[in-house]
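Asks: My structure file run-v8.txt, compact mmCIF, C-alpha atoms, is below:
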```
# COMPACT_ATOMS: atom_id res chain seq x y z
CA MET A 1 32.77 36.22 -20.33
CA SER A 2 31.38 35.37 -16.94
CA ALA A 3 28.30 36.92 -15.48
CA THR A 4 27.45 36.79 -11.79
CA THR A 5 24.08 37.61 -10.39
CA LYS A 6 23.63 38.17 -6.67
CA MET A 7 20.61 38.72 -4.56
CA MET A 8 21.26 39.65 -0.93
CA PHE A 9 18.35 39.35 1.44
CA GLY A 10 18.41 38.13 5.03
CA GLY A 11 21.87 36.66 4.65
CA VAL A 12 21.13 34.90 1.34
CA MET A 13 23.42 35.14 -1.66
CA CYS A 14 22.13 33.57 -4.88
CA LYS A 15 23.82 32.81 -8.18
CA PRO A 16 21.97 31.81 -11.33
CA GLY A 17 20.30 28.50 -10.50
CA ILE A 18 22.18 28.19 -7.18
CA ALA A 19 21.22 29.42 -3.72
CA GLU A 20 23.68 29.62 -0.84
CA ARG A 21 22.66 30.11 2.78
CA ARG A 22 24.57 32.36 5.16
CA SER A 23 24.31 32.40 8.94
CA SER A 24 24.01 36.18 9.28
CA PRO A 25 20.72 37.53 10.66
CA LEU A 26 18.12 39.57 8.80
CA PRO A 27 18.88 43.24 8.20
CA LYS A 28 17.83 45.62 10.91
CA PHE A 29 15.45 47.48 8.64
CA ARG A 30 13.37 45.05 6.67
CA SER A 31 12.53 47.71 4.11
CA GLN A 32 16.11 47.73 2.86
CA ILE A 33 16.37 45.03 0.20
CA ASN A 34 19.23 45.16 -2.24
CA LEU A 35 18.72 43.53 -5.62
CA THR A 36 22.06 43.68 -7.45
CA HIS A 37 23.21 42.51 -10.90
CA LYS A 38 26.95 42.58 -11.58
CA PHE A 39 28.53 41.97 -14.95
CA SER A 40 32.24 42.03 -15.64
CA GLU A 41 32.10 44.50 -18.53
CA LYS A 42 28.82 46.36 -17.97
CA PRO A 43 27.63 48.95 -15.43
CA SER A 44 25.90 47.55 -12.36
CA TYR A 45 22.20 47.94 -11.96
CA ILE A 46 20.78 48.49 -8.49
CA GLN A 47 17.20 48.76 -7.49
CA GLN A 48 15.90 49.26 -3.99
CA CYS A 49 12.36 48.45 -3.06
CA GLY A 50 10.22 48.27 0.04
CA LEU A 51 8.42 45.27 1.44
CA THR A 52 5.17 46.21 -0.22
CA GLY A 53 6.83 45.97 -3.62
CA LEU A 54 8.78 42.80 -2.87
CA SER A 55 6.62 40.45 -4.93
CA ARG A 56 6.72 42.76 -7.94
CA ALA A 57 10.47 43.20 -7.59
CA LEU A 58 11.18 39.51 -7.35
CA ASP A 59 8.85 38.62 -10.21
CA ARG A 60 10.22 41.35 -12.45
CA LYS A 61 12.24 40.49 -15.54
CA PHE A 62 15.48 42.46 -15.90
CA ILE A 63 17.69 42.79 -18.96
CA ASN A 64 21.35 42.08 -18.28
CA GLY A 65 24.30 43.71 -19.96
CA TYR A 66 24.30 41.19 -22.78
CA GLY A 67 20.69 41.70 -23.77
CA ARG A 68 19.49 38.45 -22.17
CA SER A 69 16.55 38.21 -19.78
CA LEU A 70 17.33 37.73 -16.10
CA ASN A 71 14.45 36.21 -14.15
CA LEU A 72 14.19 36.28 -10.36
CA THR A 73 12.17 33.62 -8.59
CA PRO A 74 9.76 34.48 -5.78
CA CYS A 75 10.89 33.88 -2.20
CA LEU A 76 8.76 31.15 -0.72
CA GLY A 77 6.76 32.24 2.30
CA LEU A 78 6.85 35.95 1.40
CA GLY A 79 3.60 37.59 0.44
CA LEU A 80 1.94 40.94 0.74
CA GLY A 81 0.97 40.15 4.30
CA MET A 82 4.48 40.31 5.64
CA SER A 83 3.50 40.22 9.29
CA GLN A 84 2.47 36.59 8.83
CA GLY A 85 5.55 35.61 6.83
CA PRO A 86 8.87 34.15 8.00
CA LEU A 87 10.40 37.65 8.26
CA ARG A 88 8.55 38.03 11.52
CA LYS A 89 11.18 35.86 13.17
CA ARG A 90 14.61 37.41 13.20
CA GLY A 91 17.47 35.26 12.00
CA LEU A 92 15.52 33.04 9.55
CA ASN A 93 17.23 32.81 6.17
CA VAL A 94 15.31 33.14 2.93
CA GLU A 95 16.22 31.31 -0.28
CA ALA A 96 15.79 32.79 -3.72
CA LYS A 97 17.11 31.97 -7.18
CA ALA A 98 18.03 33.91 -10.29
CA TYR A 99 18.42 32.49 -13.76
CA GLU A 100 18.77 33.51 -17.37
CA ALA A 101 16.08 32.38 -19.76
CA SER A 102 14.25 33.35 -22.88
CA SER A 103 11.03 33.66 -20.89
CA SER A 104 10.00 34.41 -17.33
CA ASP A 105 8.45 30.98 -16.77
CA TYR A 106 9.89 29.53 -13.60
CA VAL A 107 10.16 25.78 -13.08
CA PRO A 108 10.28 24.85 -9.38
CA GLU A 109 13.15 22.66 -8.25
CA ASP A 110 10.94 19.72 -7.23
CA VAL A 111 9.29 19.74 -10.66
CA SER A 112 12.69 19.78 -12.33
CA GLN A 113 13.78 16.81 -10.23
CA GLU A 114 10.58 14.96 -11.11
CA LYS A 115 11.17 15.63 -14.78
CA ALA A 116 14.76 14.41 -14.53
CA LEU A 117 13.66 11.24 -12.74
CA SER A 118 10.93 10.69 -15.32
CA GLU A 119 13.38 11.09 -18.19
CA LYS A 120 15.80 8.70 -16.49
CA SER A 121 13.03 6.16 -15.94
CA THR A 122 11.96 6.45 -19.58
CA ALA A 123 15.52 5.90 -20.75
CA GLN A 124 15.90 2.86 -18.49
CA SER A 125 12.57 1.46 -19.70
CA ALA A 126 13.62 1.88 -23.33
CA ALA A 127 16.94 0.17 -22.61
CA GLN A 128 15.14 -2.71 -20.89
CA ARG A 129 12.77 -3.16 -23.84
CA LEU A 130 15.73 -3.16 -26.20
CA LYS A 131 17.46 -5.76 -24.05
CA ILE A 132 14.38 -8.01 -23.99
CA GLY A 133 13.97 -7.59 -27.74
CA GLY A 134 17.57 -8.68 -28.16
CA TYR A 135 16.97 -11.74 -25.98
CA PHE A 136 13.94 -12.69 -28.08
CA PHE A 137 15.77 -12.26 -31.37
CA VAL A 138 18.71 -14.39 -30.21
CA TRP A 139 16.37 -16.97 -28.65
CA TRP A 140 14.31 -17.41 -31.85
CA THR A 141 17.36 -17.43 -34.10
CA LEU A 142 19.18 -20.08 -32.05
CA ASN A 143 16.02 -22.19 -31.87
CA VAL A 144 15.54 -22.10 -35.64
CA ILE A 145 19.18 -23.09 -36.22
CA PHE A 146 18.92 -25.92 -33.69
CA ASN A 147 15.78 -27.36 -35.29
CA ILE A 148 17.35 -27.28 -38.74
CA TYR A 149 20.51 -29.10 -37.67
CA ASN A 150 18.58 -31.45 -35.42
CA LYS A 151 16.38 -32.57 -38.31
CA LYS A 152 19.40 -32.96 -40.60
CA VAL A 153 21.14 -35.17 -38.04
CA LEU A 154 18.02 -37.27 -37.40
CA ASN A 155 17.42 -37.77 -41.13
CA ALA A 156 20.93 -39.20 -41.53
CA PHE A 157 21.27 -40.79 -38.09
CA PRO A 158 17.84 -41.93 -36.76
CA TYR A 159 18.88 -42.48 -33.15
CA PRO A 160 17.02 -39.87 -31.09
CA TRP A 161 18.11 -41.23 -27.71
CA LEU A 162 21.80 -40.76 -28.46
CA THR A 163 21.14 -37.43 -30.16
CA SER A 164 19.29 -36.21 -27.05
CA THR A 165 22.12 -37.43 -24.82
CA LEU A 166 24.78 -35.66 -26.88
CA SER A 167 22.82 -32.39 -26.68
CA LEU A 168 22.86 -32.51 -22.89
CA ALA A 169 26.48 -33.71 -22.72
CA VAL A 170 27.84 -30.89 -24.89
CA GLY A 171 25.84 -28.29 -22.97
CA SER A 172 27.08 -29.63 -19.63
CA LEU A 173 30.68 -29.58 -20.89
CA MET A 174 30.30 -25.98 -22.10
CA MET A 175 29.08 -24.84 -18.68
CA LEU A 176 31.79 -26.74 -16.79
CA LEU A 177 34.42 -24.99 -18.93
CA SER A 178 32.70 -21.64 -18.34
CA TRP A 179 32.83 -22.16 -14.59
CA ALA A 180 36.44 -23.38 -14.68
CA THR A 181 37.61 -20.36 -16.68
CA ARG A 182 35.37 -18.00 -14.65
CA ILE A 183 33.53 -16.85 -17.76
CA ALA A 184 30.38 -17.62 -15.79
CA GLU A 185 29.96 -17.48 -12.04
CA THR A 186 29.85 -20.89 -10.36
CA PRO A 187 26.41 -21.42 -8.76
CA ASP A 188 26.15 -21.74 -5.01
CA THR A 189 23.94 -24.80 -4.53
CA ASP A 190 23.03 -27.04 -1.63
CA PHE A 191 21.36 -30.41 -1.11
CA GLU A 192 17.89 -28.88 -0.99
CA PHE A 193 18.46 -27.29 -4.40
CA TRP A 194 19.40 -30.58 -6.06
CA LYS A 195 16.57 -32.37 -4.28
CA ALA A 196 14.07 -29.86 -5.66
CA LEU A 197 15.71 -30.06 -9.09
CA ALA A 198 15.38 -33.86 -9.37
CA PRO A 199 11.69 -34.02 -10.44
CA VAL A 200 12.27 -31.09 -12.79
CA ALA A 201 15.14 -33.02 -14.40
CA VAL A 202 12.98 -36.14 -14.79
CA ALA A 203 10.24 -34.19 -16.57
CA HIS A 204 12.77 -32.29 -18.68
CA THR A 205 14.47 -35.53 -19.76
CA ILE A 206 11.20 -37.15 -20.81
CA GLY A 207 10.07 -34.05 -22.69
CA HIS A 208 13.41 -33.64 -24.43
CA VAL A 209 13.62 -37.25 -25.61
CA ALA A 210 9.95 -37.38 -26.65
CA ALA A 211 10.30 -34.24 -28.78
CA THR A 212 13.45 -35.63 -30.44
CA VAL A 213 11.70 -38.94 -31.16
CA SER A 214 8.83 -36.99 -32.71
CA MET A 215 11.16 -35.02 -34.99
CA SER A 216 12.84 -38.22 -36.12
CA LYS A 217 9.50 -39.51 -37.42
CA VAL A 218 7.63 -36.44 -38.73
CA ALA A 219 8.34 -33.00 -40.14
CA VAL A 220 9.65 -30.30 -37.80
CA SER A 221 6.66 -28.14 -38.61
CA PHE A 222 4.19 -30.85 -37.60
CA THR A 223 5.98 -31.49 -34.29
CA HIS A 224 5.78 -27.82 -33.39
CA ILE A 225 2.15 -27.55 -34.44
CA ILE A 226 1.29 -30.35 -32.01
CA LYS A 227 3.54 -28.82 -29.34
CA SER A 228 1.53 -25.61 -29.58
CA ALA A 229 -1.19 -27.56 -27.71
CA GLU A 230 0.88 -27.44 -24.51
CA PRO A 231 -1.45 -24.85 -22.87
CA ALA A 232 -4.34 -27.32 -23.12
CA PHE A 233 -2.31 -29.90 -21.18
CA SER A 234 -1.38 -27.23 -18.65
CA VAL A 235 -5.01 -26.35 -17.95
CA ILE A 236 -6.09 -30.00 -17.73
CA VAL A 237 -3.31 -30.97 -15.32
CA SER A 238 -3.74 -27.86 -13.18
CA ARG A 239 -7.52 -28.28 -13.02
CA PHE A 240 -7.84 -31.99 -12.30
CA LEU A 241 -4.59 -32.77 -10.45
CA LEU A 242 -3.87 -29.50 -8.64
CA GLY A 243 -7.46 -28.29 -8.21
CA GLU A 244 -6.83 -24.87 -9.76
CA SER A 245 -9.67 -22.95 -11.36
CA PHE A 246 -9.50 -20.65 -14.37
CA PRO A 247 -11.70 -17.95 -15.89
CA PHE A 248 -14.12 -19.01 -18.60
CA SER A 249 -12.03 -17.13 -21.18
CA VAL A 250 -9.13 -19.53 -20.54
CA TYR A 251 -11.28 -22.57 -21.24
CA LEU A 252 -12.68 -20.84 -24.31
CA SER A 253 -9.18 -20.24 -25.68
CA LEU A 254 -8.54 -24.00 -25.64
CA VAL A 255 -11.14 -24.55 -28.36
CA PRO A 256 -9.04 -23.11 -31.22
CA ILE A 257 -5.90 -24.78 -29.81
CA ILE A 258 -7.40 -28.26 -29.77
CA GLY A 259 -9.39 -27.72 -32.97
CA GLY A 260 -6.41 -26.34 -34.87
CA CYS A 261 -4.11 -29.18 -33.80
CA ALA A 262 -6.76 -31.76 -34.72
CA LEU A 263 -7.23 -30.20 -38.15
CA ALA A 264 -3.47 -30.07 -38.76
CA ALA A 265 -3.01 -33.70 -37.69
CA ALA A 266 -5.91 -34.94 -39.81
CA THR A 267 -4.57 -33.25 -42.92
CA GLU A 268 -0.86 -34.00 -42.42
CA LEU A 269 0.50 -35.66 -45.54
CA ASN A 270 3.28 -37.58 -43.74
CA PHE A 271 1.44 -38.44 -40.54
CA ASN A 272 3.14 -40.89 -38.18
CA MET A 273 1.61 -42.08 -34.92
CA ILE A 274 4.96 -42.35 -33.09
CA GLY A 275 5.82 -38.82 -34.13
CA PHE A 276 2.40 -37.57 -33.06
CA MET A 277 2.52 -39.32 -29.66
CA GLY A 278 6.08 -38.13 -29.09
CA ALA A 279 4.97 -34.51 -29.41
CA MET A 280 1.98 -35.13 -27.13
CA ILE A 281 4.13 -36.79 -24.45
CA SER A 282 6.58 -33.91 -24.71
CA ASN A 283 3.73 -31.46 -24.03
CA LEU A 284 2.65 -33.34 -20.92
CA ALA A 285 6.22 -33.70 -19.62
CA PHE A 286 7.02 -30.01 -20.03
CA VAL A 287 3.82 -29.07 -18.19
CA PHE A 288 4.99 -31.10 -15.19
CA ARG A 289 8.47 -29.60 -15.57
CA ASN A 290 6.99 -26.12 -15.21
CA ILE A 291 4.92 -27.16 -12.18
CA PHE A 292 7.91 -28.75 -10.46
CA SER A 293 10.07 -25.73 -11.31
CA LYS A 294 7.64 -23.35 -9.58
CA ARG A 295 7.60 -25.53 -6.48
CA GLY A 296 11.36 -26.00 -6.51
CA MET A 297 12.04 -22.26 -6.60
CA LYS A 298 10.54 -21.98 -3.12
CA THR A 299 13.13 -24.33 -1.60
CA GLY A 300 16.91 -24.42 -1.64
CA LYS A 301 19.24 -21.67 -2.78
CA SER A 302 18.29 -19.32 -5.59
CA VAL A 303 20.22 -19.80 -8.84
CA GLY A 304 20.10 -17.53 -11.90
CA GLY A 305 18.54 -18.60 -15.18
CA MET A 306 21.77 -19.51 -17.00
CA ASN A 307 23.18 -21.59 -14.15
CA TYR A 308 19.79 -23.09 -13.37
CA TYR A 309 19.55 -24.55 -16.86
CA ALA A 310 23.17 -25.74 -16.65
CA CYS A 311 22.39 -27.67 -13.46
CA LEU A 312 19.20 -29.00 -15.07
CA SER A 313 21.18 -30.25 -18.09
CA MET A 314 23.69 -32.06 -15.91
CA ALA A 315 21.00 -33.74 -13.84
CA SER A 316 19.10 -34.76 -16.99
CA LEU A 317 22.30 -36.13 -18.54
CA VAL A 318 22.83 -38.41 -15.54
CA LEU A 319 19.25 -39.68 -15.84
CA LEU A 320 19.20 -40.11 -19.63
CA THR A 321 22.56 -41.80 -20.30
CA PRO A 322 21.73 -45.29 -18.94
CA PHE A 323 18.37 -45.32 -20.74
CA ALA A 324 20.04 -44.34 -24.03
CA PHE A 325 22.43 -47.29 -23.72
CA ALA A 326 19.56 -49.63 -22.88
CA VAL A 327 17.18 -48.53 -25.65
CA GLU A 328 19.59 -48.13 -28.58
CA GLY A 329 23.04 -49.35 -27.53
CA PRO A 330 26.61 -48.82 -28.80
CA GLN A 331 26.37 -51.40 -31.60
CA ALA A 332 23.45 -49.63 -33.27
CA TRP A 333 25.18 -46.28 -32.81
CA ALA A 334 28.40 -47.49 -34.42
CA ALA A 335 26.59 -48.89 -37.46
CA GLY A 336 24.44 -45.80 -37.82
CA TRP A 337 27.39 -43.44 -37.44
CA GLN A 338 29.37 -45.28 -40.10
CA GLU A 339 26.45 -45.12 -42.50
CA ALA A 340 25.85 -41.42 -41.84
CA THR A 341 29.49 -40.39 -42.35
CA LYS A 342 29.60 -42.50 -45.51
CA THR A 343 26.48 -40.86 -46.90
CA ILE A 344 26.97 -37.27 -45.72
CA GLY A 345 30.73 -37.11 -45.35
CA PRO A 346 32.73 -35.21 -42.71
CA HIS A 347 30.04 -32.52 -42.59
CA PHE A 348 27.91 -34.88 -40.53
CA VAL A 349 30.23 -34.48 -37.52
CA TRP A 350 29.80 -30.71 -37.67
CA TRP A 351 26.04 -31.16 -37.89
CA VAL A 352 26.06 -33.12 -34.64
CA VAL A 353 28.26 -30.53 -32.92
CA ALA A 354 26.11 -27.64 -34.16
CA GLN A 355 22.89 -29.40 -33.13
CA SER A 356 24.22 -29.98 -29.60
CA VAL A 357 25.71 -26.50 -29.15
CA PHE A 358 22.68 -24.62 -30.43
CA TYR A 359 20.33 -26.76 -28.34
CA HIS A 360 22.12 -25.67 -25.19
CA LEU A 361 22.44 -22.04 -26.25
CA TYR A 362 18.78 -21.55 -27.18
CA ASN A 363 17.59 -23.10 -23.92
CA GLN A 364 20.09 -21.06 -21.95
CA VAL A 365 18.93 -17.81 -23.55
CA SER A 366 15.28 -18.74 -22.95
CA TYR A 367 15.95 -19.20 -19.23
CA MET A 368 17.88 -15.93 -19.15
CA SER A 369 14.91 -14.23 -20.83
CA LEU A 370 12.56 -15.68 -18.23
CA ASP A 371 14.63 -13.92 -15.55
CA GLN A 372 13.96 -10.55 -17.22
CA ILE A 373 10.30 -10.73 -18.25
CA THR A 374 6.88 -11.72 -16.98
CA PRO A 375 5.41 -15.19 -17.67
CA LEU A 376 2.89 -13.56 -20.04
CA THR A 377 5.62 -11.97 -22.16
CA PHE A 378 7.57 -15.24 -22.14
CA SER A 379 4.48 -17.17 -23.25
CA ILE A 380 3.89 -14.77 -26.15
CA GLY A 381 7.56 -15.02 -27.10
CA ASN A 382 7.34 -18.81 -27.02
CA THR A 383 4.31 -18.70 -29.32
CA MET A 384 6.11 -16.49 -31.82
CA LYS A 385 9.12 -18.80 -31.61
CA ARG A 386 6.99 -21.66 -32.90
CA VAL A 387 5.80 -19.51 -35.78
CA SER A 388 9.40 -18.79 -36.81
CA VAL A 389 10.39 -22.47 -36.51
CA ILE A 390 7.39 -23.73 -38.49
CA ALA A 391 7.85 -21.18 -41.26
CA SER A 392 11.62 -21.65 -41.57
CA SER A 393 11.44 -25.46 -41.55
CA ILE A 394 8.78 -25.49 -44.28
CA ILE A 395 10.97 -23.25 -46.44
CA ILE A 396 14.29 -25.03 -45.83
CA PHE A 397 13.06 -28.64 -46.03
CA HIS A 398 10.44 -27.92 -48.72
CA THR A 399 7.76 -29.52 -46.59
CA PRO A 400 4.54 -30.02 -48.57
CA VAL A 401 1.68 -28.20 -46.86
CA ARG A 402 -1.97 -28.23 -47.82
CA PRO A 403 -3.97 -25.03 -47.39
CA VAL A 404 -6.25 -26.72 -44.85
CA ASN A 405 -3.18 -27.96 -42.97
CA ALA A 406 -1.78 -24.43 -42.83
CA LEU A 407 -5.17 -23.20 -41.63
CA GLY A 408 -5.14 -25.71 -38.77
CA ALA A 409 -1.66 -24.58 -37.74
CA ALA A 410 -2.70 -20.92 -37.82
CA ILE A 411 -5.81 -21.60 -35.71
CA ALA A 412 -3.78 -23.55 -33.12
CA ILE A 413 -1.15 -20.81 -32.83
CA LEU A 414 -3.82 -18.12 -32.58
CA GLY A 415 -5.46 -20.11 -29.79
CA THR A 416 -2.13 -20.26 -27.96
CA PHE A 417 -1.83 -16.49 -28.17
CA LEU A 418 -5.40 -16.02 -26.91
CA TYR A 419 -4.67 -18.40 -24.05
CA SER A 420 -1.65 -16.37 -22.96
CA GLN A 421 -3.82 -13.25 -22.91
CA ALA A 422 -6.74 -14.87 -21.07
CA LYS A 423 -4.43 -16.47 -18.51
CA GLN A 424 -3.51 -13.02 -17.22
```
Take the structure in the file and write it out as structure tokens.
Replies:
Amino acid sequence: MSATTKMMFGGVMCKPGIAERRSSPLPKFRSQINLTHKFSEKPSYIQQCGLTGLSRALDRKFINGYGRSLNLTPCLGLGLGMSQGPLRKRGLNVEAKAYEASSSDYVPEDVSQEKALSEKSTAQSAAQRLKIGGYFFVWWTLNVIFNIYNKKVLNAFPYPWLTSTLSLAVGSLMMLLSWATRIAETPDTDFEFWKALAPVAVAHTIGHVAATVSMSKVAVSFTHIIKSAEPAFSVIVSRFLLGESFPFSVYLSLVPIIGGCALAAATELNFNMIGFMGAMISNLAFVFRNIFSKRGMKTGKSVGGMNYYACLSMASLVLLTPFAFAVEGPQAWAAGWQEATKTIGPHFVWWVVAQSVFYHLYNQVSYMSLDQITPLTFSIGNTMKRVSVIASSIIIFHTPVRPVNALGAAIAILGTFLYSQAKQ
């Protein structure tokens, strides 16, 4: 059953929650105000009131034919002093609203719109947090899988330069296929973009190879404990080479980072100097990569996170390939590959493929995450990523850990978290 409520005043006809304006002028006698309720199966109810009772009439709650309350909203601009109101000018329309409700509380339209916008904003914010949480989960999971397969490959095939090259080659091939099949949009780049990307690629190549060399010599957990000292390198380089200054809290946060790493290194059961220095060089290289990336973003065409890392991988592949041939060479690779397949079997090939694919995917997701979040959130996510990698590698590879060694790792990671907070 349909119910229609009308209020006719000065050429205004209102339905529940809807007001329609008419062009007809005000009635000749302003004391004649018709307030009408019509229901399809119930008698009509008509009340006439004068101007002096207008506010009471409009604020009054009526009971419709179905036993529900019918509330009438006040007309804006109409008060007891009618000579000062808009009715003084003939021809001005007045807007009113009627609605059914369980109470006579009236919510103005602007408040309703604000509430709707607020609810929409809250929903969007929740969706964004869920999206970022999904990015983090995928990022950490892919990174853990990469580190596991990377260590397995390096244990059976100790050639980190070739392993690093294959990681970049497979990732570059994946992106070329994505662009060719239009799964991903081809980036629009120019000469200035590649010029700005060159120093970033150099730093990325050095950091990538150094980290792989480190993992070939020491446990995955130890490499990541040392790599948690990257903020200390960032502050040192920024302070002494770039002339940047930091709050005292930032410098204070470096104490647990450096102290924790030193304690972990001193108590490492399988300490290796090449592995230790590889992780340290990787820290320094990635600091310069971040600095060059920030500068490069100001020049050339803008490229999204996924395509930016794809271009970075291709540039790094071009730089790394000749050095890999010079340092290790095809003869050593052939002998090592034969030994690995003999010892491990055909599974070794799948290990290499998985290591290369997951390396590209985890880096790609990390760059996509950086597009969606603030540097502070990314830094915290990176810290938690190291926690997941260290814990999972200790469990999977049964790495022996002394209590004091675990304490050093915990202190270093806590310092990294404090640094990310103090930096902001």
Asks: Point out the residue among A:Ala315, A:Val138, A:Ala326, A:Leu154 with the least atom-to-atom distance to Lys195 (chain A), counting all atoms listed in the file.
Replies: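 Ranking A:Ala315, A:Val138, A:Ala326, A:Leu154 by distance to Lys195 (chain A), first place goes to A:Ala315.
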Asks: Find the residue from A:Tyr308, A:Phe157, A:Phe276, A:Phe417 that sits nearest to Leu254 (chain A); use all atoms listed in the file when measuring.
Replies: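 Once distances to Leu254 (chain A) are computed over all atoms listed in the file, the minimum belongs to A:Phe417.
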Asks: Would you work out the distance separating CA of Thr186 (chain A) from CA of Val170 (chain A), expressed in Å to one decimal?
Replies: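 The value is 17.8 Å.
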Asks: Counting all atoms listed in the file, figure out which residue out of A:Asn382, A:Ser293, A:Thr205, A:Ser214 gets nearest to Thr321 (chain A).
Replies: A:Thr205
Asks: Taking (4.4, -29.3, -19.4) in the file's own coordinates, collect the residues within 9 Å, counting all atoms listed in the file, and hand them back as a ChimeraX atom specification.
Replies: /A:203-204,207,230-231,233-234,237,282-291
Asks: Atoms to include: C-alpha atoms. Write the selected residues as a PDB file, in the frame of the given file.
Replies:
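Printed below is selection30.pdb as written:
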```pdb
ATOM      1  CA  ALA A 203      10.240 -34.190 -16.570  1.00  0.00           C
ATOM      2  CA  HIS A 204      12.770 -32.290 -18.680  1.00  0.00           C
ATOM      3  CA  GLY A 207      10.070 -34.050 -22.690  1.00  0.00           C
ATOM      4  CA  GLU A 230       0.880 -27.440 -24.510  1.00  0.00           C
ATOM      5  CA  PRO A 231      -1.450 -24.850 -22.870  1.00  0.00           C
ATOM      6  CA  PHE A 233      -2.310 -29.900 -21.180  1.00  0.00           C
ATOM      7  CA  SER A 234      -1.380 -27.230 -18.650  1.00  0.00           C
ATOM      8  CA  VAL A 237      -3.310 -30.970 -15.320  1.00  0.00           C
ATOM      9  CA  SER A 282       6.580 -33.910 -24.710  1.00  0.00           C
ATOM     10  CA  ASN A 283       3.730 -31.460 -24.030  1.00  0.00           C
ATOM     11  CA  LEU A 284       2.650 -33.340 -20.920  1.00  0.00           C
ATOM     12  CA  ALA A 285       6.220 -33.700 -19.620  1.00  0.00           C
ATOM     13  CA  PHE A 286       7.020 -30.010 -20.030  1.00  0.00           C
ATOM     14  CA  VAL A 287       3.820 -29.070 -18.190  1.00  0.00           C
ATOM     15  CA  PHE A 288       4.990 -31.100 -15.190  1.00  0.00           C
ATOM     16  CA  ARG A 289       8.470 -29.600 -15.570  1.00  0.00           C
ATOM     17  CA  ASN A 290       6.990 -26.120 -15.210  1.00  0.00           C
ATOM     18  CA  ILE A 291       4.920 -27.160 -12.180  1.00  0.00           C
TER      19      ILE A 291
END
```
Asks: Restricting the calculation to all atoms listed in the file, which member of A:Leu317, A:Thr163, A:Gly259, A:Met368 is positioned closest to Trp337 (chain A)?
Replies: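 Nearest candidate to Trp337 (chain A) out of A:Leu317, A:Thr163, A:Gly259, A:Met368: A:Thr163.
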Asks: Of the candidates A:Asn143, A:Thr122, A:Thr165, A:Thr399, which one gets nearest to Leu320 (chain A) if we count all atoms listed in the file?
Replies: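 Closest to Leu320 (chain A) of all the choices is A:Thr165.
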Asks: Which residue is closest to Phe358 (chain A)? Choose from A:Ile258, A:Ala232, A:Leu142, A:Ile183 and count all atoms listed in the file.
Replies: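 Checking each of A:Ile258, A:Ala232, A:Leu142, A:Ile183 against Phe358 (chain A), counting all atoms listed in the file, the winner is A:Leu142.
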Asks: Within 10 Å of Arg402 (chain A), counting only C-alpha atoms, which residues show up once you throw out same-chain ones fewer than 4 positions away? Write them as a ChimeraX atom specification, please.
Replies: /A:264,267-269,406-408
Asks: How many Å separate CA of Trp139 (chain A) from CA of Ala412 (chain A)?
Replies: 21.7 Å
Asks: For a test of reading the model, state the distance in Å between CA of Val250 (chain A) and CA of Ala409 (chain A), rounded to one decimal.
Replies: 19.4 Å
